[in-house]
Amino acid sequence: MMMFERFWRANPACGPATKDRAARAWRKLNPDLETCRRMSDALETQKRSAQWTKDGGEYIPHPATWLNGRYWEAEPPAPPDGTRPEQGVRYL
């Protein structure tokens, strides 16, 4: 569960009310180290995207939704300034 805790702390939408659902989603996925790295890269890129930064982060998916929706497999969104996304900083 150490990798889940790192994911949890890196997620901007984490809150105590959603942690149990996110932990269940994590256990269901049971990601290996390589998947965790891809997840980390995607999360860092998405945190800088226009969708996640507009309106004070109102449209950031809850962590369980992000995990269940396999958002790390989505095409990287364009950053808010229109530049090319950089490689994210890994939490693993």
# chains A, B, ... in the order shown; residues from 1 in each chain; ligands from 1
$ closest_atom_pairs --of "range 30-64 of chain A" --to "range 11-19 of chain A" --cutoff "12 Å" --atoms "only C-alpha atoms" --output "tab-separated table"
residue	atom	partner	partner_atom	distance
A:Met39	CA	A:Asn11	CA	10.9
A:Ser40	CA	A:Asn11	CA	9.5
A:Asp41	CA	A:Asn11	CA	11.9
A:Ala42	CA	A:Asn11	CA	11.1
A:Leu43	CA	A:Asn11	CA	7.4
A:Glu44	CA	A:Asn11	CA	8.7
A:Thr45	CA	A:Asn11	CA	11.6
A:Gln46	CA	A:Asn11	CA	10.1
A:Lys47	CA	A:Pro12	CA	7.4
A:Arg48	CA	A:Pro12	CA	10.7
A:Trp52	CA	A:Pro12	CA	9.2
A:Thr53	CA	A:Pro12	CA	10.3
A:Gly56	CA	A:Pro12	CA	10.9
A:Gly57	CA	A:Ala13	CA	8.3
A:Glu58	CA	A:Ala13	CA	9.2
A:Tyr59	CA	A:Ala13	CA	9.5
A:Ile60	CA	A:Ala13	CA	6.4
A:Pro61	CA	A:Ala13	CA	7.0
A:His62	CA	A:Ala13	CA	5.7
A:Pro63	CA	A:Cys14	CA	6.5
A:Ala64	CA	A:Thr18	CA	7.4
$ write_last_selection --atoms "C-alpha atoms" --output "PDB file, in the first residue's frame"
ATOM      1  CA  MET A  39       0.229   6.551 -13.597  1.00  0.00           C
ATOM      2  CA  SER A  40       2.618   8.965 -11.903  1.00  0.00           C
ATOM      3  CA  ASP A  41       3.744  10.509 -15.190  1.00  0.00           C
ATOM      4  CA  ALA A  42       0.141  10.906 -16.363  1.00  0.00           C
ATOM      5  CA  LEU A  43      -0.993  12.389 -13.063  1.00  0.00           C
ATOM      6  CA  GLU A  44       1.791  14.974 -13.068  1.00  0.00           C
ATOM      7  CA  THR A  45       0.975  15.952 -16.664  1.00  0.00           C
ATOM      8  CA  GLN A  46      -2.763  16.105 -16.008  1.00  0.00           C
ATOM      9  CA  LYS A  47      -2.270  18.249 -12.903  1.00  0.00           C
ATOM     10  CA  ARG A  48      -0.896  20.988 -15.187  1.00  0.00           C
ATOM     11  CA  TRP A  52      -7.515  20.442 -14.098  1.00  0.00           C
ATOM     12  CA  THR A  53      -6.405  24.018 -13.458  1.00  0.00           C
ATOM     13  CA  GLY A  56      -9.684  26.421  -9.179  1.00  0.00           C
ATOM     14  CA  GLY A  57      -9.542  22.721 -10.005  1.00  0.00           C
ATOM     15  CA  GLU A  58     -13.295  22.223 -10.028  1.00  0.00           C
ATOM     16  CA  TYR A  59     -13.056  19.594 -12.788  1.00  0.00           C
ATOM     17  CA  ILE A  60     -10.385  17.345 -11.307  1.00  0.00           C
ATOM     18  CA  PRO A  61     -11.717  13.787 -11.115  1.00  0.00           C
ATOM     19  CA  HIS A  62     -11.847  12.139  -7.715  1.00  0.00           C
ATOM     20  CA  PRO A  63      -8.978   9.679  -7.218  1.00  0.00           C
ATOM     21  CA  ALA A  64     -11.266   6.599  -7.384  1.00  0.00           C
TER      22      ALA A  64
END
$ select_by_dssp --residues "chain A" --states "alpha helix (DSSP H)" --output "VMD selection string"
chain A and resid 2 to 10 19 to 29 33 to 47 50 to 53 63 to 68
$ atom_distance --atom1 "CA of Ala50 in chain A" --atom2 "CA of Phe7 in chain A"
20.9 Å
$ atom_distance --atom1 "CA of Asp55 in chain A" --atom2 "CA of Arg21 in chain A"
24.8 Å
$ residues_around --residues "Trp26 in chain A" --least-positions-apart "5" --cutoff "9 Å" --atoms "only C-alpha atoms" --output "compact mmCIF listing (two decimals) with N, CA, C and O atoms, in the first residue's frame"
# COMPACT_ATOMS: atom_id res chain seq x y z
N MET A 1 0.81 -1.20 0.00
CA MET A 1 0.00 0.00 0.00
C MET A 1 0.85 1.26 0.00
O MET A 1 0.31 2.35 -0.09
N PHE A 4 0.20 3.20 -3.06
CA PHE A 4 -1.08 3.92 -3.00
C PHE A 4 -0.93 5.22 -2.21
O PHE A 4 -1.46 6.25 -2.61
N ARG A 21 -12.66 4.85 -0.99
CA ARG A 21 -13.04 4.42 -2.34
C ARG A 21 -11.82 4.32 -3.25
O ARG A 21 -11.70 3.40 -4.05
N PRO A 31 -1.78 -2.43 -9.34
CA PRO A 31 -0.81 -2.07 -10.37
C PRO A 31 0.61 -2.50 -10.02
O PRO A 31 1.03 -2.44 -8.87
N ALA A 64 -10.67 7.89 -7.01
CA ALA A 64 -11.27 6.60 -7.38
C ALA A 64 -11.76 6.64 -8.83
O ALA A 64 -11.62 5.67 -9.57
N LEU A 67 -8.76 6.36 -11.09
CA LEU A 67 -8.27 4.98 -11.15
C LEU A 67 -9.21 4.08 -11.93
O LEU A 67 -8.78 3.35 -12.83
N ASN A 68 -10.50 4.13 -11.61
CA ASN A 68 -11.48 3.26 -12.29
C ASN A 68 -11.60 3.60 -13.77
O ASN A 68 -11.85 2.70 -14.58
$ closest_residue --among "A:Glu5, A:Trp72, A:Asp20, A:Trp66" --to "Arg37 in chain A" --atoms "only C-alpha atoms"
A:Trp72
$ closest_residue --among "A:Arg70, A:Ala23, A:Thr65, A:Glu75" --to "Arg6 in chain A" --atoms "only C-alpha atoms"
A:Ala23
$ atom_distance --atom1 "CA of Tyr71 in chain A" --atom2 "CA of Arg38 in chain A"
10.4 Å
$ closest_residue --among "A:Ser49, A:Lys54, A:Trp8, A:Gly69" --to "Ala22 in chain A" --atoms "only C-alpha atoms"
A:Trp8
